[in-house]
Structure formats: structure tokens, C-alpha cells
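Shown next: query-v2.cif, containing mmCIF, C-alpha atoms, pLDDT in the B column; chains and numbers go by the auth columns.
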data_upload
#
loop_
_atom_site.group_PDB
_atom_site.id
_atom_site.type_symbol
_atom_site.label_atom_id
_atom_site.label_comp_id
_atom_site.label_asym_id
_atom_site.label_seq_id
_atom_site.Cartn_x
_atom_site.Cartn_y
_atom_site.Cartn_z
_atom_site.B_iso_or_equiv
_atom_site.auth_seq_id
_atom_site.auth_asym_id
ATOM 1 C CA MET A 1 52.450 -51.484 -22.648 62.00 1 A
ATOM 2 C CA THR A 2 53.512 -55.139 -22.818 76.00 2 A
ATOM 3 C CA ASN A 3 56.726 -54.408 -20.907 82.00 3 A
ATOM 4 C CA ARG A 4 54.701 -53.071 -18.014 83.00 4 A
ATOM 5 C CA LYS A 5 52.393 -56.101 -17.967 84.00 5 A
ATOM 6 C CA THR A 6 55.371 -58.454 -18.161 86.00 6 A
ATOM 7 C CA ALA A 7 57.000 -56.686 -15.223 85.00 7 A
ATOM 8 C CA GLU A 8 53.767 -56.927 -13.215 86.00 8 A
ATOM 9 C CA VAL A 9 53.528 -60.658 -13.919 86.00 9 A
ATOM 10 C CA TRP A 10 57.132 -61.206 -12.782 88.00 10 A
ATOM 11 C CA VAL A 11 56.545 -59.194 -9.618 86.00 11 A
ATOM 12 C CA GLY A 12 53.471 -61.335 -8.918 88.00 12 A
ATOM 13 C CA VAL A 13 55.461 -64.526 -9.463 88.00 13 A
ATOM 14 C CA PHE A 14 58.223 -63.396 -7.081 87.00 14 A
ATOM 15 C CA VAL A 15 55.723 -62.302 -4.412 89.00 15 A
ATOM 16 C CA THR A 16 53.966 -65.673 -4.666 91.00 16 A
ATOM 17 C CA ILE A 17 57.269 -67.543 -4.353 92.00 17 A
ATOM 18 C CA GLY A 18 58.220 -65.378 -1.354 91.00 18 A
ATOM 19 C CA LEU A 19 54.914 -66.065 0.401 90.00 19 A
ATOM 20 C CA ALA A 20 55.226 -69.800 -0.282 89.00 20 A
ATOM 21 C CA ALA A 21 58.753 -69.741 1.178 89.00 21 A
ATOM 22 C CA LEU A 22 57.481 -67.982 4.321 87.00 22 A
ATOM 23 C CA VAL A 23 54.705 -70.550 4.768 85.00 23 A
ATOM 24 C CA TRP A 24 57.197 -73.406 4.302 82.00 24 A
ATOM 25 C CA LEU A 25 59.560 -71.810 6.837 80.00 25 A
ATOM 26 C CA ALA A 26 56.736 -71.373 9.352 77.00 26 A
ATOM 27 C CA PHE A 27 55.860 -75.066 9.061 72.00 27 A
ATOM 28 C CA ARG A 28 59.508 -76.094 9.444 70.00 28 A
ATOM 29 C CA VAL A 29 60.068 -73.906 12.508 66.00 29 A
ATOM 30 C CA GLY A 30 56.755 -75.016 13.997 60.00 30 A
ATOM 31 C CA ASN A 31 57.791 -78.664 13.573 56.00 31 A
ATOM 32 C CA LEU A 32 54.632 -79.413 11.602 53.00 32 A
ATOM 33 C CA THR A 33 56.111 -80.885 8.427 50.00 33 A
ATOM 34 C CA THR A 34 56.661 -84.431 9.626 54.00 34 A
ATOM 35 C CA THR A 35 53.946 -86.983 10.109 52.00 35 A
ATOM 36 C CA ASP A 36 53.244 -88.999 13.210 62.00 36 A
ATOM 37 C CA VAL A 37 54.974 -92.302 13.790 68.00 37 A
ATOM 38 C CA ALA A 38 53.600 -95.540 12.352 71.00 38 A
ATOM 39 C CA ASN A 39 52.597 -98.459 14.608 83.00 39 A
ATOM 40 C CA GLY A 40 54.163 -96.653 17.548 87.00 40 A
ATOM 41 C CA TYR A 41 54.353 -97.625 21.174 92.00 41 A
ATOM 42 C CA ARG A 42 54.329 -95.276 24.138 93.00 42 A
ATOM 43 C CA VAL A 43 56.858 -95.089 26.944 94.00 43 A
ATOM 44 C CA GLU A 44 57.267 -92.635 29.808 94.00 44 A
ATOM 45 C CA ALA A 45 60.279 -90.799 31.157 94.00 45 A
ATOM 46 C CA HIS A 46 60.381 -88.721 34.364 94.00 46 A
ATOM 47 C CA PHE A 47 62.551 -85.585 34.409 93.00 47 A
ATOM 48 C CA GLU A 48 63.436 -83.062 37.116 91.00 48 A
ATOM 49 C CA ASN A 49 63.320 -80.269 34.551 89.00 49 A
ATOM 50 C CA ILE A 50 62.190 -80.337 30.922 90.00 50 A
ATOM 51 C CA GLY A 51 63.213 -76.781 30.029 86.00 51 A
ATOM 52 C CA SER A 52 61.134 -75.661 27.049 86.00 52 A
ATOM 53 C CA LEU A 53 60.366 -79.134 25.683 90.00 53 A
ATOM 54 C CA LYS A 54 56.960 -79.165 24.003 91.00 54 A
ATOM 55 C CA VAL A 55 54.414 -81.683 22.814 92.00 55 A
ATOM 56 C CA ARG A 56 55.317 -82.820 19.261 90.00 56 A
ATOM 57 C CA GLY A 57 59.011 -82.363 20.074 91.00 57 A
ATOM 58 C CA ALA A 58 61.298 -84.866 18.393 91.00 58 A
ATOM 59 C CA VAL A 59 62.585 -88.076 19.970 93.00 59 A
ATOM 60 C CA THR A 60 65.905 -89.069 18.432 93.00 60 A
ATOM 61 C CA LEU A 61 68.297 -91.995 18.461 93.00 61 A
ATOM 62 C CA ALA A 62 71.815 -91.272 17.140 91.00 62 A
ATOM 63 C CA GLY A 63 70.454 -88.067 15.600 88.00 63 A
ATOM 64 C CA VAL A 64 67.658 -89.819 13.690 90.00 64 A
ATOM 65 C CA ARG A 65 64.073 -88.908 14.580 92.00 65 A
ATOM 66 C CA ILE A 66 62.322 -92.060 15.761 93.00 66 A
ATOM 67 C CA GLY A 67 59.340 -90.582 17.543 93.00 67 A
ATOM 68 C CA ARG A 68 57.499 -87.646 19.044 93.00 68 A
ATOM 69 C CA VAL A 69 56.616 -86.281 22.470 93.00 69 A
ATOM 70 C CA VAL A 70 52.866 -86.832 22.791 93.00 70 A
ATOM 71 C CA GLN A 71 52.111 -85.681 26.339 93.00 71 A
ATOM 72 C CA ILE A 72 53.706 -83.731 29.175 94.00 72 A
ATOM 73 C CA HIS A 73 52.327 -83.492 32.706 94.00 73 A
ATOM 74 C CA THR A 74 53.572 -83.458 36.292 94.00 74 A
ATOM 75 C CA ASP A 75 53.517 -86.359 38.716 91.00 75 A
ATOM 76 C CA PRO A 76 51.604 -85.136 41.795 92.00 76 A
ATOM 77 C CA ASP A 77 53.542 -87.501 44.086 92.00 77 A
ATOM 78 C CA ASN A 78 57.126 -86.465 43.343 91.00 78 A
ATOM 79 C CA PHE A 79 56.529 -83.225 41.365 92.00 79 A
ATOM 80 C CA GLN A 80 58.593 -84.370 38.409 92.00 80 A
ATOM 81 C CA ALA A 81 57.670 -83.836 34.772 92.00 81 A
ATOM 82 C CA VAL A 82 56.329 -86.971 33.094 94.00 82 A
ATOM 83 C CA VAL A 83 57.012 -87.021 29.361 95.00 83 A
ATOM 84 C CA THR A 84 55.175 -89.580 27.228 95.00 84 A
ATOM 85 C CA LEU A 85 57.050 -90.578 24.078 94.00 85 A
ATOM 86 C CA ASN A 86 55.521 -92.243 21.032 94.00 86 A
ATOM 87 C CA ILE A 87 58.278 -94.313 19.408 93.00 87 A
ATOM 88 C CA ASP A 88 57.992 -95.683 15.886 92.00 88 A
ATOM 89 C CA GLY A 89 57.214 -99.412 15.761 88.00 89 A
ATOM 90 C CA ARG A 90 60.347 -100.086 13.711 89.00 90 A
ATOM 91 C CA TYR A 91 62.373 -99.440 16.884 89.00 91 A
ATOM 92 C CA LYS A 92 60.944 -102.132 19.147 90.00 92 A
ATOM 93 C CA ASN A 93 64.435 -103.342 20.059 90.00 93 A
ATOM 94 C CA LEU A 94 65.376 -100.473 22.412 92.00 94 A
ATOM 95 C CA PRO A 95 66.849 -101.997 25.595 93.00 95 A
ATOM 96 C CA THR A 96 65.094 -101.382 28.931 92.00 96 A
ATOM 97 C CA ASP A 97 68.184 -99.577 30.253 93.00 97 A
ATOM 98 C CA THR A 98 67.996 -96.929 27.524 93.00 98 A
ATOM 99 C CA SER A 99 68.631 -93.418 28.856 94.00 99 A
ATOM 100 C CA ALA A 100 66.787 -90.240 27.850 94.00 100 A
ATOM 101 C CA SER A 101 68.237 -86.723 27.853 92.00 101 A
ATOM 102 C CA ILE A 102 66.689 -83.395 26.987 91.00 102 A
ATOM 103 C CA LEU A 103 68.942 -81.721 24.433 90.00 103 A
ATOM 104 C CA THR A 104 68.903 -78.467 22.479 86.00 104 A
ATOM 105 C CA ALA A 105 69.195 -78.148 18.707 82.00 105 A
ATOM 106 C CA GLY A 106 69.303 -75.387 16.187 69.00 106 A
ATOM 107 C CA LEU A 107 69.619 -71.643 16.321 67.00 107 A
ATOM 108 C CA LEU A 108 66.199 -71.230 17.873 69.00 108 A
ATOM 109 C CA GLY A 109 67.036 -73.515 20.796 76.00 109 A
ATOM 110 C CA GLU A 110 64.403 -76.141 20.037 84.00 110 A
ATOM 111 C CA GLN A 111 64.544 -78.894 22.640 89.00 111 A
ATOM 112 C CA TYR A 112 64.108 -82.593 21.983 92.00 112 A
ATOM 113 C CA VAL A 113 64.539 -85.941 23.724 94.00 113 A
ATOM 114 C CA GLY A 114 67.668 -87.882 22.805 93.00 114 A
ATOM 115 C CA LEU A 115 67.769 -91.610 23.545 94.00 115 A
ATOM 116 C CA ASP A 116 70.954 -93.581 24.206 93.00 116 A
ATOM 117 C CA PRO A 117 70.459 -97.359 24.149 93.00 117 A
ATOM 118 C CA GLY A 118 71.867 -99.508 26.919 89.00 118 A
ATOM 119 C CA GLY A 119 72.963 -103.133 26.828 89.00 119 A
ATOM 120 C CA SER A 120 70.005 -104.996 28.340 89.00 120 A
ATOM 121 C CA GLU A 121 68.616 -108.008 26.523 90.00 121 A
ATOM 122 C CA GLU A 122 65.044 -107.002 27.402 91.00 122 A
ATOM 123 C CA TYR A 123 63.281 -104.360 25.315 92.00 123 A
ATOM 124 C CA LEU A 124 61.017 -101.407 25.993 91.00 124 A
ATOM 125 C CA LYS A 125 57.374 -102.074 25.230 90.00 125 A
ATOM 126 C CA GLU A 126 54.045 -100.251 25.434 92.00 126 A
ATOM 127 C CA GLY A 127 53.751 -98.580 28.850 89.00 127 A
ATOM 128 C CA SER A 128 57.411 -99.029 29.857 91.00 128 A
ATOM 129 C CA ARG A 129 59.251 -96.373 31.817 92.00 129 A
ATOM 130 C CA ILE A 130 62.717 -95.090 30.961 92.00 130 A
ATOM 131 C CA LYS A 131 64.438 -94.924 34.338 91.00 131 A
ATOM 132 C CA LEU A 132 67.716 -93.228 33.387 89.00 132 A
ATOM 133 C CA THR A 133 67.021 -89.585 32.542 91.00 133 A
ATOM 134 C CA GLN A 134 69.022 -86.387 32.361 87.00 134 A
ATOM 135 C CA PRO A 135 67.140 -83.086 32.708 86.00 135 A
ATOM 136 C CA ALA A 136 67.499 -80.058 30.472 81.00 136 A
ATOM 137 C CA MET A 137 70.383 -77.701 31.152 75.00 137 A
ATOM 138 C CA VAL A 138 69.042 -74.397 32.415 72.00 138 A
ATOM 139 C CA LEU A 139 71.256 -71.555 31.277 69.00 139 A
ATOM 140 C CA GLU A 140 70.358 -69.355 34.252 71.00 140 A
ATOM 141 C CA LYS A 141 71.547 -72.007 36.716 75.00 141 A
ATOM 142 C CA LEU A 142 74.815 -72.508 34.845 73.00 142 A
ATOM 143 C CA VAL A 143 75.524 -68.764 34.795 78.00 143 A
ATOM 144 C CA GLY A 144 74.631 -68.544 38.490 80.00 144 A
ATOM 145 C CA ARG A 145 77.070 -71.327 39.348 81.00 145 A
ATOM 146 C CA LEU A 146 79.783 -69.672 37.292 80.00 146 A
ATOM 147 C CA LEU A 147 79.234 -66.314 38.992 81.00 147 A
ATOM 148 C CA THR A 148 79.205 -67.763 42.506 83.00 148 A
ATOM 149 C CA ALA A 149 82.373 -69.753 41.766 79.00 149 A
ATOM 150 C CA PHE A 150 84.023 -66.593 40.449 76.00 150 A
ATOM 151 C CA ILE A 151 82.895 -64.482 43.414 80.00 151 A
ATOM 152 C CA ASP A 152 83.855 -67.092 46.023 71.00 152 A
ATOM 153 C CA ARG A 153 87.357 -67.530 44.543 69.00 153 A
ATOM 154 C CA PRO A 154 90.015 -65.806 46.648 63.00 154 A
ATOM 155 C CA ALA A 155 91.630 -62.808 45.045 59.00 155 A
ATOM 156 C CA ASP A 156 95.108 -63.348 43.594 58.00 156 A
ATOM 157 C CA ASN A 157 96.216 -59.739 44.342 57.00 157 A
ATOM 158 C CA GLY A 158 98.975 -60.037 41.733 55.00 158 A
ATOM 159 C CA LYS A 159 101.223 -62.191 43.949 57.00 159 A
ATOM 160 C CA LYS A 160 103.344 -64.856 42.268 58.00 160 A
ATOM 161 C CA LYS A 161 104.278 -68.050 44.015 53.00 161 A
#
What's the C-alpha cells form of this structure?
Amino acid sequence: MTNRKTAEVWVGVFVTIGLAALVWLAFRVGNLTTTDVANGYRVEAHFENIGSLKVRGAVTLAGVRIGRVVQIHTDPDNFQAVVTLNIDGRYKNLPTDTSASILTAGLLGEQYVGLDPGGSEEYLKEGSRIKLTQPAMVLEKLVGRLLTAFIDRPADNGKKK
């Protein structure tokens, strides 16, 4: 009888570990495991296309997360996406000519904002706007360009020059 009870206990332990692993994975995939930035300042960046960028998406500098996306809306005047970034206060020395790009990471295609610092001697501060931006690459547009380039190319017809 004790062998059966021991087996049931071990099955319970493994099921509990499996459920805990699933919960941990859900938090990791949902980008909910990291805390908000400390003493942050907010800057804006305007993009033609943000792809599937979402609020709470990462903001990185040289691959290191230095902030979060806190708001996304459209500018009614020029119909561009306005992305508000909350950058950690430890990074107050980002030059005003810093550029922002929307990049893709991971197997699930999570998008984030990557910052590349410029060389200006003035720094971004609360309410600044990042002027140099690169929109997200849209796979459908790239495939469409490839197909039209392939279709528009004259046929070789097996002739050698």
C-alpha cells in the first residue's frame, strides 16, 4: 500500500512542477516578469508603421533593456503612430540625435524598440522627441516586392551571352 501512496505523491509533485513551469512560461512570453523602470523619463517617437509593437514592449540599447513602451496612439495630423517610451533614469545621457527602430526578437516574433545613440552633446529629457526613426519591416510588403521584381524581370529563355 505504501508503494501506491509514494507513487501518488511523486505524481502530484511532478504535476505541481509542470503547472508552475507553465505559469512561469506564460509570464515570460507575456512579458510580465520584469518591473517598470525606476526614475524614468518619457520621450516620443513617430513611426510610419509599428507592426505588432505593443504597450509594455521592451526598449533596448545595445541589446540591454533600458525601458518600456508605455503608450501607443496615432497623430491625427500626419496619421503616424506615436510611441511613448519610458526610459530608465540611469540612461539620462542619450544624445538628442538618437535613432529608434522597431525590431523583431525571438521565435514568437515579439517586437521591441531598439535605440542607437548619436553623437550630439545635448541629451534627451522628459518630453523630448526622437526624430530619427525606422518603421517595422512588414513581411507582406517584402514578399510583394520580391514577387513583383521576379515577375517584372525579363525571361532569360536559356540564351547565353
>> Need to verify the contact set: Lys131 of chain A, 8 Å, only C-alpha atoms, exclusion of same-chain residues closer than 2 positions in sequence. Can you return it as a ChimeraX atom specification?
In response: /A:45-46,97-99,129,133
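Residues lying within 9 Å of Leu85 of chain A, counting all atoms listed in the file and ignoring same-chain neighbours fewer than 5 positions away, are A:Tyr41, A:Arg42, A:Val43, A:Glu44, A:Ala45, A:Val59, A:Gly67, A:Arg68, A:Val69, A:Val70, A:Gln71, A:Val113.
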So that I have them on file, write out the residues from the current selection with C-alpha atoms, as a compact mmCIF listing (two decimals), in the coordinates of the input.
# COMPACT_ATOMS: atom_id res chain seq x y z
CA TYR A 41 54.35 -97.62 21.17
CA ARG A 42 54.33 -95.28 24.14
CA VAL A 43 56.86 -95.09 26.94
CA GLU A 44 57.27 -92.64 29.81
CA ALA A 45 60.28 -90.80 31.16
CA VAL A 59 62.58 -88.08 19.97
CA GLY A 67 59.34 -90.58 17.54
CA ARG A 68 57.50 -87.65 19.04
CA VAL A 69 56.62 -86.28 22.47
CA VAL A 70 52.87 -86.83 22.79
CA GLN A 71 52.11 -85.68 26.34
CA VAL A 113 64.54 -85.94 23.72
> Written as a PyMOL selection string, what is the full residue list that the PyMOL selection byres ((chain A and resi 90) around 10) yields on the file shown?
Replying inline: chain A and resi 37-41+66+87-89+91-93
Please dump the current selection as a CSV table (one decimal), in the coordinates of the input; keep C-alpha atoms.
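Dumped to again_14.csv:
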chain,number,residue,atom,x,y,z
A,37,VAL,CA,55.0,-92.3,13.8
A,38,ALA,CA,53.6,-95.5,12.4
A,39,ASN,CA,52.6,-98.5,14.6
A,40,GLY,CA,54.2,-96.7,17.5
A,41,TYR,CA,54.4,-97.6,21.2
A,66,ILE,CA,62.3,-92.1,15.8
A,87,ILE,CA,58.3,-94.3,19.4
A,88,ASP,CA,58.0,-95.7,15.9
A,89,GLY,CA,57.2,-99.4,15.8
A,91,TYR,CA,62.4,-99.4,16.9
A,92,LYS,CA,60.9,-102.1,19.1
A,93,ASN,CA,64.4,-103.3,20.1
> With only C-alpha atoms as the basis for distance, which of A:Val83, A:Ile151, A:Val13, A:Gly57 is at the shortest distance from Tyr112 of chain A?
Replying inline: A:Gly57
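Using only C-alpha atoms, the shortest contact distance between Gln111 of chain A and any of A:Gln80, A:Ser52, A:Thr148, A:Thr96 is found at A:Ser52.
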Apply the PyMOL selection byres ((chain A and resi 118) around 12) to the displayed file and report the matching residues as a PDB file with C-alpha atoms, keeping the file's coordinate frame.
ATOM      1  CA  LEU A  61      68.297 -91.995  18.461  1.00 93.00           C
ATOM      2  CA  ASN A  93      64.435-103.342  20.059  1.00 90.00           C
ATOM      3  CA  LEU A  94      65.376-100.473  22.412  1.00 92.00           C
ATOM      4  CA  PRO A  95      66.849-101.997  25.595  1.00 93.00           C
ATOM      5  CA  THR A  96      65.094-101.382  28.931  1.00 92.00           C
ATOM      6  CA  ASP A  97      68.184 -99.577  30.253  1.00 93.00           C
ATOM      7  CA  THR A  98      67.996 -96.929  27.524  1.00 93.00           C
ATOM      8  CA  SER A  99      68.631 -93.418  28.856  1.00 94.00           C
ATOM      9  CA  ALA A 100      66.787 -90.240  27.850  1.00 94.00           C
ATOM     10  CA  LEU A 115      67.769 -91.610  23.545  1.00 94.00           C
ATOM     11  CA  ASP A 116      70.954 -93.581  24.206  1.00 93.00           C
ATOM     12  CA  PRO A 117      70.459 -97.359  24.149  1.00 93.00           C
ATOM     13  CA  GLY A 119      72.963-103.133  26.828  1.00 89.00           C
ATOM     14  CA  SER A 120      70.005-104.996  28.340  1.00 89.00           C
ATOM     15  CA  GLU A 121      68.616-108.008  26.523  1.00 90.00           C
ATOM     16  CA  GLU A 122      65.044-107.002  27.402  1.00 91.00           C
ATOM     17  CA  TYR A 123      63.281-104.360  25.315  1.00 92.00           C
ATOM     18  CA  LEU A 124      61.017-101.407  25.993  1.00 91.00           C
ATOM     19  CA  ILE A 130      62.717 -95.090  30.961  1.00 92.00           C
ATOM     20  CA  LYS A 131      64.438 -94.924  34.338  1.00 91.00           C
ATOM     21  CA  LEU A 132      67.716 -93.228  33.387  1.00 89.00           C
TER      22      LEU A 132
END
Run through the PyMOL selection byres ((chain A and resi 134-144) around 7) on the given coordinates and return the selected residues as an mmCIF file with C-alpha atoms, in the frame of the given file.
data_model
loop_
_atom_site.group_PDB
_atom_site.id
_atom_site.type_symbol
_atom_site.label_atom_id
_atom_site.label_comp_id
_atom_site.auth_asym_id
_atom_site.auth_seq_id
_atom_site.Cartn_x
_atom_site.Cartn_y
_atom_site.Cartn_z
ATOM 1 C CA PHE A 47 62.551 -85.585 34.409
ATOM 2 C CA GLU A 48 63.436 -83.062 37.116
ATOM 3 C CA ASN A 49 63.320 -80.269 34.551
ATOM 4 C CA ILE A 50 62.190 -80.337 30.922
ATOM 5 C CA GLY A 51 63.213 -76.781 30.029
ATOM 6 C CA ALA A 100 66.787 -90.240 27.850
ATOM 7 C CA SER A 101 68.237 -86.723 27.853
ATOM 8 C CA ILE A 102 66.689 -83.395 26.987
ATOM 9 C CA LEU A 103 68.942 -81.721 24.433
ATOM 10 C CA THR A 133 67.021 -89.585 32.542
ATOM 11 C CA ARG A 145 77.070 -71.327 39.348
ATOM 12 C CA LEU A 146 79.783 -69.672 37.292
ATOM 13 C CA LEU A 147 79.234 -66.314 38.992
ATOM 14 C CA THR A 148 79.205 -67.763 42.506
#
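Between atom CA of Val11 of chain A and atom CA of Val23 of chain A lies a distance of 18.4 Å.
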> Could you state the separation of atom CA of Phe27 of chain A and atom CA of Ala58 of chain A in Å, given to one decimal place?
Replying inline: 14.6 Å
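One finds atom CA of Lys125 of chain A at 19.7 Å from atom CA of Val64 of chain A.
When all atoms listed in the file are used to measure the gap to Ala105 of chain A, the shortest distance among A:Leu53, A:Ala7, A:Ala149, A:Ala20 belongs to A:Leu53.
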